[in-house]
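S.K.: This is data_33.txt (compact mmCIF, C-alpha atoms and all ligand atoms).
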# COMPACT_ATOMS: atom_id res chain seq x y z
CA MET A 1 79.12 96.21 86.84
CA PRO A 2 80.41 99.59 88.02
CA ARG A 3 84.06 100.46 87.52
CA PRO A 4 85.88 98.63 90.32
CA ILE A 5 87.30 101.66 92.15
CA LEU A 6 86.05 102.09 95.73
CA ALA A 7 87.10 104.20 98.72
CA THR A 8 86.52 102.83 102.21
CA VAL A 9 86.31 104.82 105.43
CA HIS A 10 87.43 102.75 108.41
CA THR A 11 85.40 103.65 111.47
CA GLY A 12 87.64 101.63 113.77
CA ALA A 13 90.76 103.44 112.55
CA LEU A 14 89.18 106.84 113.25
CA ARG A 15 88.29 105.71 116.77
CA HIS A 16 91.77 104.32 117.28
CA ASN A 17 93.51 107.47 116.03
CA LEU A 18 91.35 109.68 118.24
CA GLN A 19 92.41 107.52 121.17
CA ILE A 20 96.08 108.12 120.27
CA ALA A 21 95.49 111.87 120.64
CA ARG A 22 93.82 111.30 124.00
CA GLU A 23 96.86 109.38 125.19
CA ARG A 24 99.18 112.18 124.05
CA ALA A 25 97.04 114.89 125.61
CA PRO A 26 95.27 113.13 128.49
CA ASP A 27 94.11 116.28 130.27
CA SER A 28 92.81 118.09 127.21
CA ARG A 29 89.59 118.02 125.29
CA VAL A 30 89.90 117.13 121.62
CA TRP A 31 88.43 119.07 118.72
CA VAL A 32 88.25 116.72 115.78
CA VAL A 33 88.97 118.84 112.72
CA VAL A 34 86.49 117.91 109.99
CA LYS A 35 87.06 120.78 107.57
CA ALA A 36 87.22 119.93 103.86
CA ASN A 37 84.46 117.36 104.37
CA ALA A 38 86.50 115.53 107.02
CA TYR A 39 89.67 115.67 104.93
CA GLY A 40 87.83 114.04 102.05
CA HIS A 41 86.39 111.18 104.11
CA GLY A 42 82.90 112.70 104.25
CA ILE A 43 81.53 114.19 107.46
CA GLU A 44 78.57 111.81 107.54
CA ARG A 45 80.79 108.79 106.86
CA ALA A 46 83.40 109.78 109.45
CA PHE A 47 80.94 110.79 112.15
CA GLU A 48 80.48 107.39 113.75
CA GLY A 49 84.26 107.01 114.20
CA LEU A 50 84.58 110.50 115.65
CA ARG A 51 81.60 110.77 117.96
CA ALA A 52 83.77 110.21 121.05
CA ALA A 53 85.27 113.67 120.39
CA ASP A 54 84.67 116.65 122.67
CA GLY A 55 83.98 119.00 119.79
CA PHE A 56 83.98 119.36 116.01
CA ALA A 57 86.11 122.06 114.40
CA LEU A 58 85.49 123.11 110.80
CA LEU A 59 85.29 126.06 108.45
CA ASP A 60 82.09 126.04 106.46
CA LEU A 61 78.75 126.93 107.92
CA ASN A 62 77.11 124.24 105.87
CA GLU A 63 79.49 121.69 107.39
CA ALA A 64 78.39 122.90 110.83
CA GLU A 65 74.76 122.40 109.81
CA ARG A 66 75.59 118.88 108.67
CA VAL A 67 77.24 118.03 112.00
CA ARG A 68 74.17 119.33 113.87
CA ALA A 69 71.93 117.35 111.50
CA LEU A 70 73.79 114.20 112.58
CA GLY A 71 72.53 114.86 116.09
CA TRP A 72 75.72 116.38 117.55
CA ARG A 73 74.70 118.63 120.46
CA GLY A 74 78.22 119.39 121.73
CA PRO A 75 80.64 122.18 120.79
CA ILE A 76 81.29 123.13 117.17
CA LEU A 77 84.03 125.67 116.43
CA LEU A 78 84.35 127.70 113.23
CA LEU A 79 88.14 127.82 112.80
CA GLU A 80 88.09 130.94 110.60
CA GLY A 81 85.10 132.49 112.31
CA VAL A 82 82.32 134.09 110.32
CA PHE A 83 82.74 135.43 106.81
CA GLU A 84 80.01 138.04 106.90
CA PRO A 85 77.70 139.55 109.53
CA ARG A 86 74.68 137.42 108.76
CA ASP A 87 76.68 134.25 109.51
CA LEU A 88 76.30 135.30 113.15
CA GLU A 89 72.58 134.50 112.92
CA LEU A 90 73.43 130.90 112.12
CA CYS A 91 75.98 130.82 114.96
CA SER A 92 73.22 131.91 117.34
CA ARG A 93 70.74 129.43 115.93
CA LEU A 94 73.11 126.43 115.93
CA GLY A 95 75.09 127.43 119.02
CA LEU A 96 78.39 127.61 117.14
CA TRP A 97 81.57 128.84 118.76
CA HIS A 98 83.67 130.93 116.43
CA VAL A 99 87.18 132.22 116.09
CA VAL A 100 87.62 136.00 115.99
CA HIS A 101 90.74 136.88 114.03
CA CYS A 102 90.18 140.46 112.83
CA SER A 103 88.58 143.68 114.03
CA GLU A 104 85.83 143.49 111.38
CA GLN A 105 84.56 140.33 113.06
CA ILE A 106 84.38 142.26 116.35
CA ASP A 107 82.45 145.08 114.62
CA TRP A 108 79.95 142.54 113.27
CA LEU A 109 79.50 141.02 116.73
CA ALA A 110 78.98 144.47 118.24
CA ALA A 111 76.14 145.07 115.77
CA HIS A 112 74.64 141.59 116.21
CA LYS A 113 71.24 141.48 117.92
CA THR A 114 70.35 137.87 118.60
CA GLN A 115 70.52 136.25 122.04
CA PRO A 116 72.10 134.21 123.59
CA PRO A 117 75.66 135.57 123.84
CA HIS A 118 78.40 133.81 121.91
CA LYS A 119 81.46 131.87 122.88
CA VAL A 120 84.44 132.95 120.81
CA PHE A 121 88.13 132.11 120.53
CA LEU A 122 90.34 135.15 119.95
CA LYS A 123 93.12 134.32 117.54
CA LEU A 124 96.67 135.41 118.12
CA ASN A 125 99.01 135.71 115.16
CA SER A 126 102.04 134.34 116.97
CA GLY A 127 104.21 134.32 113.86
CA MET A 128 102.49 132.36 111.11
CA ASN A 129 101.12 135.59 109.61
CA ARG A 130 98.00 134.08 108.23
CA LEU A 131 95.00 134.85 110.46
CA GLY A 132 94.97 136.60 113.84
CA PHE A 133 95.81 139.73 115.77
CA LYS A 134 99.44 140.68 116.20
CA PRO A 135 100.65 140.41 119.82
CA GLN A 136 100.59 144.19 120.31
CA ALA A 137 96.94 144.38 119.20
CA TYR A 138 95.74 141.28 121.03
CA ARG A 139 94.84 142.73 124.40
CA ALA A 140 92.90 145.63 122.92
CA ALA A 141 90.91 143.14 120.84
CA TRP A 142 90.31 141.05 123.96
CA ALA A 143 89.10 144.11 125.88
CA ARG A 144 86.73 145.08 123.06
CA LEU A 145 85.23 141.59 123.01
CA ASP A 146 85.02 141.49 126.79
CA ALA A 147 82.94 144.67 126.77
CA LEU A 148 80.33 143.23 124.39
CA THR A 149 77.08 141.84 125.76
CA GLN A 150 77.03 139.64 122.64
CA VAL A 151 80.02 137.69 123.98
CA ASP A 152 80.09 135.74 127.21
CA GLU A 153 83.28 133.67 126.96
CA ILE A 154 86.58 134.37 125.26
CA GLY A 155 88.99 131.53 124.59
CA LEU A 156 92.54 132.03 123.36
CA VAL A 157 93.86 130.35 120.21
CA THR A 158 96.96 130.33 118.07
CA HIS A 159 98.25 128.10 115.28
CA PHE A 160 101.76 126.76 114.64
CA SER A 161 103.60 127.04 111.34
CA ASP A 162 106.38 124.56 112.12
CA ALA A 163 105.13 122.01 114.63
CA ASP A 164 106.17 119.28 112.17
CA GLY A 165 109.62 120.58 111.36
CA ALA A 166 113.02 121.83 112.37
CA ARG A 167 112.09 125.39 113.30
CA GLY A 168 109.70 124.10 115.92
CA ILE A 169 107.24 126.03 118.05
CA ALA A 170 109.24 127.66 120.86
CA HIS A 171 109.13 131.18 119.36
CA GLN A 172 105.37 130.98 118.86
CA VAL A 173 104.76 129.54 122.31
CA ALA A 174 106.75 132.42 123.79
CA ALA A 175 104.67 134.94 121.85
CA PHE A 176 101.46 133.25 123.02
CA GLU A 177 102.55 133.20 126.65
CA LEU A 178 103.50 136.85 126.57
CA ALA A 179 100.33 138.01 124.83
CA CYS A 180 98.00 135.89 126.95
CA ALA A 181 99.89 135.95 130.26
CA ASP A 182 97.13 136.88 132.71
CA LEU A 183 94.09 136.60 130.46
CA PRO A 184 91.40 134.19 131.58
CA GLY A 185 89.79 131.74 129.17
CA GLU A 186 90.31 128.35 127.61
CA ARG A 187 93.43 127.91 125.52
CA THR A 188 94.14 125.89 122.41
CA LEU A 189 97.41 125.70 120.49
CA CYS A 190 98.15 122.21 119.18
CA ASN A 191 97.42 120.71 115.77
CA SER A 192 98.29 117.06 114.99
CA ALA A 193 102.02 117.63 114.69
CA ALA A 194 102.12 119.50 117.99
CA ILE A 195 99.94 116.88 119.72
CA LEU A 196 102.27 114.09 118.65
CA ARG A 197 105.61 115.88 119.02
CA HIS A 198 105.17 118.59 121.64
CA ALA A 199 101.95 118.27 123.65
CA SER A 200 103.56 117.28 126.93
CA LYS A 201 105.93 120.25 127.04
CA PRO A 202 105.23 122.81 129.76
CA LEU A 203 103.09 125.88 129.12
CA GLN A 204 102.92 128.79 131.50
CA GLY A 205 99.63 128.97 133.40
CA ALA A 206 98.47 125.56 132.21
CA SER A 207 99.78 122.07 132.84
CA ASN A 208 101.25 121.69 129.37
CA LEU A 209 101.07 122.80 125.75
CA ALA A 210 98.09 120.59 125.09
CA ALA A 211 96.23 123.14 127.26
CA ASP A 212 92.43 123.00 127.46
CA TRP A 213 91.81 121.85 123.90
CA VAL A 214 93.84 120.28 121.12
CA ARG A 215 92.81 120.44 117.47
CA GLU A 216 93.46 117.17 115.70
CA GLY A 217 93.18 116.87 111.94
CA ILE A 218 95.45 114.73 109.78
CA ALA A 219 96.46 112.28 112.53
CA LEU A 220 92.81 111.29 112.97
CA TYR A 221 92.81 110.18 109.39
CA GLY A 222 96.05 108.22 109.79
CA GLY A 223 98.47 110.69 108.24
CA ALA A 224 101.81 111.30 109.96
CA PRO A 225 102.12 115.10 110.04
CA ASP A 226 105.90 114.86 110.03
CA HIS A 227 106.37 112.15 107.40
CA PRO A 228 109.00 111.05 106.41
CA GLU A 229 110.82 111.94 109.64
CA HIS A 230 108.28 109.72 111.36
CA ARG A 231 105.97 107.28 109.68
CA ALA A 232 102.38 106.63 110.69
CA GLU A 233 103.39 103.34 112.36
CA HIS A 234 105.83 105.25 114.58
CA TRP A 235 102.91 107.21 116.00
CA GLY A 236 100.64 104.15 116.09
CA LEU A 237 98.25 105.64 113.52
CA GLN A 238 96.05 103.56 111.22
CA PRO A 239 94.79 104.63 107.79
CA ALA A 240 91.19 105.79 108.01
CA MET A 241 90.74 105.65 104.24
CA SER A 242 91.59 102.96 101.73
CA LEU A 243 91.41 103.70 98.03
CA ARG A 244 91.19 100.42 96.17
CA THR A 245 90.62 99.27 92.64
CA LYS A 246 91.39 96.29 90.42
CA VAL A 247 93.57 95.27 87.54
CA ILE A 248 91.48 95.58 84.36
CA GLY A 249 94.11 94.65 81.79
CA THR A 250 97.65 93.35 81.41
CA GLN A 251 100.39 93.73 78.80
CA ASP A 252 103.58 91.78 78.20
CA LEU A 253 106.36 94.16 77.28
CA HIS A 254 109.57 93.51 75.37
CA ALA A 255 112.77 95.33 76.15
CA GLY A 256 112.47 98.76 74.55
CA ASP A 257 108.66 98.96 74.74
CA THR A 258 107.26 102.12 76.27
CA VAL A 259 104.20 102.67 78.44
CA GLY A 260 101.53 105.37 78.35
CA TYR A 261 101.32 108.99 77.23
CA GLY A 262 104.60 110.62 76.42
CA SER A 263 106.36 107.21 76.51
CA THR A 264 108.03 108.24 79.75
CA PHE A 265 108.75 104.65 80.79
CA THR A 266 110.77 102.20 78.72
CA ALA A 267 111.09 98.53 79.69
CA ASP A 268 114.76 97.53 79.86
CA ALA A 269 113.88 93.83 79.85
CA PRO A 270 110.75 91.76 79.20
CA MET A 271 108.17 92.44 81.89
CA ARG A 272 104.44 92.30 82.58
CA VAL A 273 102.42 95.34 83.53
CA GLY A 274 98.87 95.68 84.82
CA VAL A 275 96.45 98.43 83.93
CA ILE A 276 94.35 99.57 86.89
CA ALA A 277 91.05 101.43 87.06
CA CYS A 278 92.18 104.65 88.72
CA GLY A 279 93.50 107.87 87.26
CA TYR A 280 93.79 111.54 87.97
CA ALA A 281 90.04 111.98 87.41
CA ASP A 282 89.63 109.86 90.56
CA GLY A 283 91.90 112.20 92.50
CA TYR A 284 95.13 110.24 92.17
CA PRO A 285 97.98 112.74 91.68
CA ARG A 286 98.97 113.05 88.04
CA HIS A 287 102.44 114.08 89.15
CA ALA A 288 103.14 110.71 90.77
CA PRO A 289 106.18 109.52 88.80
CA THR A 290 107.25 106.03 87.77
CA GLY A 291 108.17 104.23 90.99
CA THR A 292 105.31 105.48 93.13
CA PRO A 293 104.39 102.63 95.51
CA VAL A 294 101.18 100.65 95.04
CA LEU A 295 99.96 97.32 96.44
CA VAL A 296 98.76 94.53 94.15
CA ASP A 297 97.25 91.55 95.97
CA GLY A 298 98.90 92.98 99.08
CA VAL A 299 102.37 93.03 97.49
CA ARG A 300 104.23 96.30 97.16
CA THR A 301 105.12 97.22 93.62
CA ARG A 302 105.35 100.48 91.63
CA THR A 303 103.59 102.55 89.03
CA VAL A 304 105.20 102.84 85.60
CA GLY A 305 104.68 105.63 83.08
CA ARG A 306 102.34 108.58 83.31
CA VAL A 307 99.13 108.59 85.30
CA SER A 308 96.31 109.11 82.82
CA MET A 309 92.74 110.28 83.43
CA ASP A 310 91.22 106.87 84.12
CA MET A 311 94.11 104.43 84.27
CA ILE A 312 97.52 103.83 85.77
CA THR A 313 99.98 101.13 84.77
CA VAL A 314 101.74 99.08 87.43
CA ASP A 315 104.72 96.75 87.39
CA LEU A 316 103.64 93.12 87.87
CA THR A 317 107.19 91.73 87.94
CA PRO A 318 106.93 90.66 91.62
CA LEU A 319 103.42 89.23 90.99
CA PRO A 320 103.45 86.40 88.45
CA GLN A 321 99.98 85.25 89.62
CA ALA A 322 98.33 88.65 89.32
CA GLY A 323 95.88 89.34 86.52
CA ILE A 324 92.53 90.81 85.73
CA GLY A 325 90.56 91.28 88.95
CA SER A 326 93.61 91.42 91.24
CA GLU A 327 93.14 93.82 94.16
CA VAL A 328 95.04 97.11 93.92
CA VAL A 329 95.49 99.49 96.85
CA LEU A 330 96.40 103.07 95.91
CA TRP A 331 96.62 103.89 99.62
CA GLY A 332 95.27 102.37 102.80
CA ARG A 333 94.83 98.77 103.80
CA SER A 334 94.81 95.69 101.58
CA ASN A 335 92.43 92.82 102.20
CA HIS A 336 95.66 90.81 102.42
CA GLY A 337 96.69 92.81 105.50
CA ALA A 338 99.42 95.03 104.04
CA VAL A 339 99.27 98.81 104.48
CA LEU A 340 100.47 101.53 102.11
CA THR A 341 100.16 104.98 103.66
CA ALA A 342 98.91 107.99 101.74
CA ASP A 343 102.03 109.69 103.16
CA GLU A 344 104.29 107.49 101.03
CA VAL A 345 102.31 108.07 97.85
CA ALA A 346 102.18 111.79 98.57
CA GLN A 347 105.91 111.96 99.15
CA SER A 348 106.55 110.29 95.82
CA ALA A 349 104.23 112.78 94.11
CA GLY A 350 105.81 115.79 95.82
CA THR A 351 102.83 116.59 98.05
CA ILE A 352 101.38 115.67 101.44
CA SER A 353 98.76 113.13 102.46
CA TYR A 354 96.35 115.94 103.33
CA GLU A 355 96.09 116.88 99.67
CA LEU A 356 95.57 113.32 98.44
CA LEU A 357 92.86 112.54 100.98
CA CYS A 358 91.00 115.77 100.25
CA ALA A 359 91.23 115.26 96.50
CA VAL A 360 89.39 111.95 96.05
CA ALA A 361 87.00 112.82 93.23
CA PRO A 362 83.22 112.83 93.41
CA ARG A 363 83.01 109.99 90.89
CA VAL A 364 84.66 107.57 93.37
CA PRO A 365 82.03 105.65 95.35
CA PHE A 366 82.57 105.31 99.08
CA GLU A 367 81.65 102.71 101.67
CA VAL A 368 82.00 102.77 105.44
CA SER A 369 83.33 99.72 107.24
CA GLU A 370 84.46 98.92 110.74
C1 LIG B 401 93.43 122.45 109.83
C2 LIG B 401 93.67 123.02 111.18
C3 LIG B 401 94.06 122.20 112.24
C4 LIG B 401 94.36 120.73 112.06
O1 LIG B 401 95.64 120.59 111.48
P1 LIG B 401 96.31 119.14 111.29
O2 LIG B 401 97.68 119.45 110.86
O3 LIG B 401 95.52 118.47 110.21
O4 LIG B 401 96.18 118.46 112.58
C5 LIG B 401 94.19 122.77 113.48
N1 LIG B 401 93.96 124.10 113.67
C6 LIG B 401 93.60 124.91 112.67
C7 LIG B 401 93.38 126.36 112.95
C8 LIG B 401 93.46 124.42 111.40
O5 LIG B 401 93.09 125.23 110.40
In structure tokens, what does this structure look like?
M.R.:
Amino acid sequence: MPRPILATVHTGALRHNLQIARERAPDSRVWVVVKANAYGHGIERAFEGLRAADGFALLDLNEAERVRALGWRGPILLLEGVFEPRDLELCSRLGLWHVVHCSEQIDWLAAHKTQPPHKVFLKLNSGMNRLGFKPQAYRAAWARLDALTQVDEIGLVTHFSDADGARGIAHQVAAFELACADLPGERTLCNSAAILRHASKPLQGASNLAADWVREGIALYGGAPDHPEHRAEHWGLQPAMSLRTKVIGTQDLHAGDTVGYGSTFTADAPMRVGVIACGYADGYPRHAPTGTPVLVDGVRTRTVGRVSMDMITVDLTPLPQAGIGSEVVLWGRSNHGAVLTADEVAQSAGTISYELLCAVAPRVPFEVSE
């Protein structure tokens, strides 16, 4: 029998979460962001749950090829654009739309020979200072693109640094409105946090901030972008991935006994612990401390001691019936109905659900279920 760990992608949850974005941004088209292999879910496994999207947004050209291979004929957007001139050949061949964020990418387009002309989104650096043209350089970049026969449509894009937090987006929206004021073209600003928290706010020249397109990533997969201020249930999101395993051993501890490497946990009274078949080599965060939530037979309990490569120890105090073979949910949905969000586990481990979902290791087998 294989080791009992298994990850499940929930097609119905993906569909449901996409619908939540549609309700928040009813007049916009939705790019489903499937970079990082659909945030660790697997593009092929997630596709069925996402096919009601208006477009797929991603980074890697090979991911774009995979989406086309699944039969997707609609828009695909390269969120970082091309990495070298010859990538433009593939854009032409696969009909990819691509972000233009630097003048080198315009130079490459100007030298590109293949028909038909491309659809691009010109990126404004509205304050995040990662990719994009500064506001004072934006119009000149737009004019250069507009003059190219290689380009037939220019959309306008920016990305928020603080849509999930206290600083908010007003300063970046103002920069976008100023830089783009009378430029034609489709607009896209919102990531998951902005879709959920801000999409209905007004935007100059468009009905609202959701604009022509929104770009939804983590919320599709059931992560609350602003956890713990809001939990996934608050936004009506369902986990699209469950990572489950089983108890493979138990130990009865006396007061004073320690657990695992480094003896970081000491029992202060007699207790029973379960050993589960999941460790950091499966992608579970090694930094998750004692007390990180976990479900055993649908009951919330906690990890104790250090996470090791292949095993984690869990407190079975609330579960006198549990033993070898008991279901363990690291995150996602239990067969007993309970849910533990990746957000909660991530918070305990000092990270975000994005990182946990993307980090599920290749040795973990996956299944797809409704
Ligand atoms: C990853 C990404 C998104 C999606 O972000 P979420 O927070 O996961 O919704 C949107 N836009 C760009 C440019 C991105 O790189």
S.K.: Which residues are near Gly40 (chain A)? Cut-off 12 Å, only C-alpha atoms, ignore same chain within fewer than 3 positions. Put them as number ranges by chain.
M.R.: A: 7-9, 33-37, 43-46, 217-218, 221, 240-243, 283, 353-362, 364, 366
S.K.: For those residues, write C-alpha atoms to a file as a CSV table (one decimal), keeping the file's coordinate frame.
M.R.:
chain,number,residue,atom,x,y,z
A,7,ALA,CA,87.1,104.2,98.7
A,8,THR,CA,86.5,102.8,102.2
A,9,VAL,CA,86.3,104.8,105.4
A,33,VAL,CA,89.0,118.8,112.7
A,34,VAL,CA,86.5,117.9,110.0
A,35,LYS,CA,87.1,120.8,107.6
A,36,ALA,CA,87.2,119.9,103.9
A,37,ASN,CA,84.5,117.4,104.4
A,43,ILE,CA,81.5,114.2,107.5
A,44,GLU,CA,78.6,111.8,107.5
A,45,ARG,CA,80.8,108.8,106.9
A,46,ALA,CA,83.4,109.8,109.4
A,217,GLY,CA,93.2,116.9,111.9
A,218,ILE,CA,95.4,114.7,109.8
A,221,TYR,CA,92.8,110.2,109.4
A,240,ALA,CA,91.2,105.8,108.0
A,241,MET,CA,90.7,105.6,104.2
A,242,SER,CA,91.6,103.0,101.7
A,243,LEU,CA,91.4,103.7,98.0
A,283,GLY,CA,91.9,112.2,92.5
A,353,SER,CA,98.8,113.1,102.5
A,354,TYR,CA,96.4,115.9,103.3
A,355,GLU,CA,96.1,116.9,99.7
A,356,LEU,CA,95.6,113.3,98.4
A,357,LEU,CA,92.9,112.5,101.0
A,358,CYS,CA,91.0,115.8,100.2
A,359,ALA,CA,91.2,115.3,96.5
A,360,VAL,CA,89.4,112.0,96.0
A,361,ALA,CA,87.0,112.8,93.2
A,362,PRO,CA,83.2,112.8,93.4
A,364,VAL,CA,84.7,107.6,93.4
A,366,PHE,CA,82.6,105.3,99.1
S.K.: Calculated over all atoms listed in the file, which of the candidates A:His16, A:His98, A:His234, A:His112 has the smallest distance to Glu370 (chain A)?
M.R.: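 Going through A:His16, A:His98, A:His234, A:His112 one by one, the smallest distance to Glu370 (chain A) is for A:His16.
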S.K.: Name the residues, by chain letter and number, that sit within 7 Å of ligand LIG 401 (chain B) using all atoms listed in the file, and give them as JSON, numbers by chain.
M.R.: {"A": [33, 35, 79, 159, 190, 191, 192, 193, 215, 216, 217, 218, 219, 225]}
S.K.: Nearest to Arg300 (chain A) among A:Val345, A:Ala166, A:Ala288, A:Val259, with distances taken over only C-alpha atoms: which residue is it?
M.R.: A:Val345
S.K.: Kindly indicate which residue among A:Ala349, A:Leu183, A:Ile248, A:Leu94 lies nearest to Gly323 (chain A), using only C-alpha atoms for the distances.
M.R.: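 Selected residue with least distance to Gly323 (chain A): A:Ile248.
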S.K.: Is it possible to get the residues within 12 Å of (90.6, 99.9, 105.7) (coordinates as in the file, counting only C-alpha atoms) written as an NGL selection string?
M.R.: :A and (6-14 or 221-222 or 238-244 or 329-341 or 366-370)
S.K.: Restricting it to C-alpha atoms, dump the selection as a compact mmCIF listing (two decimals), in the frame of the given file.
M.R.:
# COMPACT_ATOMS: atom_id res chain seq x y z
CA LEU A 6 86.05 102.09 95.73
CA ALA A 7 87.10 104.20 98.72
CA THR A 8 86.52 102.83 102.21
CA VAL A 9 86.31 104.82 105.43
CA HIS A 10 87.43 102.75 108.41
CA THR A 11 85.40 103.65 111.47
CA GLY A 12 87.64 101.63 113.77
CA ALA A 13 90.76 103.44 112.55
CA LEU A 14 89.18 106.84 113.25
CA TYR A 221 92.81 110.18 109.39
CA GLY A 222 96.05 108.22 109.79
CA GLN A 238 96.05 103.56 111.22
CA PRO A 239 94.79 104.63 107.79
CA ALA A 240 91.19 105.79 108.01
CA MET A 241 90.74 105.65 104.24
CA SER A 242 91.59 102.96 101.73
CA LEU A 243 91.41 103.70 98.03
CA ARG A 244 91.19 100.42 96.17
CA VAL A 329 95.49 99.49 96.85
CA LEU A 330 96.40 103.07 95.91
CA TRP A 331 96.62 103.89 99.62
CA GLY A 332 95.27 102.37 102.80
CA ARG A 333 94.83 98.77 103.80
CA SER A 334 94.81 95.69 101.58
CA ASN A 335 92.43 92.82 102.20
CA HIS A 336 95.66 90.81 102.42
CA GLY A 337 96.69 92.81 105.50
CA ALA A 338 99.42 95.03 104.04
CA VAL A 339 99.27 98.81 104.48
CA LEU A 340 100.47 101.53 102.11
CA THR A 341 100.16 104.98 103.66
CA PHE A 366 82.57 105.31 99.08
CA GLU A 367 81.65 102.71 101.67
CA VAL A 368 82.00 102.77 105.44
CA SER A 369 83.33 99.72 107.24
CA GLU A 370 84.46 98.92 110.74
S.K.: Please list as number ranges by chain every residue within 6 Å of region 310-314 of chain A, counting all atoms listed in the file and excluding residues in the same chain fewer than 3 positions away.
M.R.: A: 273-279, 302-304, 307
S.K.: Just C-alpha atoms for this one: save the residues we selected as an mmCIF file, in the coordinates of the input.
M.R.:
data_model
loop_
_atom_site.group_PDB
_atom_site.id
_atom_site.type_symbol
_atom_site.label_atom_id
_atom_site.label_comp_id
_atom_site.auth_asym_id
_atom_site.auth_seq_id
_atom_site.Cartn_x
_atom_site.Cartn_y
_atom_site.Cartn_z
ATOM 1 C CA VAL A 273 102.420 95.340 83.530
ATOM 2 C CA GLY A 274 98.870 95.680 84.820
ATOM 3 C CA VAL A 275 96.450 98.430 83.930
ATOM 4 C CA ILE A 276 94.350 99.570 86.890
ATOM 5 C CA ALA A 277 91.050 101.430 87.060
ATOM 6 C CA CYS A 278 92.180 104.650 88.720
ATOM 7 C CA GLY A 279 93.500 107.870 87.260
ATOM 8 C CA ARG A 302 105.350 100.480 91.630
ATOM 9 C CA THR A 303 103.590 102.550 89.030
ATOM 10 C CA VAL A 304 105.200 102.840 85.600
ATOM 11 C CA VAL A 307 99.130 108.590 85.300
#
S.K.: If you measure from CA of Leu196 (chain A) to CA of Trp213 (chain A), what distance in Å do you get, rounded to one decimal?
M.R.: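 According to the coordinates, CA of Leu196 (chain A) and CA of Trp213 (chain A) are separated by 14.0 Å.
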S.K.: In Å, rounded to a single decimal, give me how far CA of Gly291 (chain A) is from CA of Pro320 (chain A).
M.R.: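 Taking CA of Pro320 (chain A) and CA of Gly291 (chain A), their separation equals 18.6 Å.
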S.K.: Grab all the atoms of region 354-362 of chain A that the file lists, wrap them in a box along x, y and z, add 5 Å per side, and give me centre plus edge lengths in Å (one decimal) as lines of an AutoDock Vina configuration file.
M.R.:
center_x = 89.8
center_y = 114.4
center_z = 98.3
size_x = 23.1
size_y = 14.9
size_z = 20.1
S.K.: Using all atoms listed in the file, which of the listed residues (A:Ala224, A:Gly95, A:Pro365, A:Gly305) sits closest to Gly236 (chain A)?
M.R.: A:Ala224
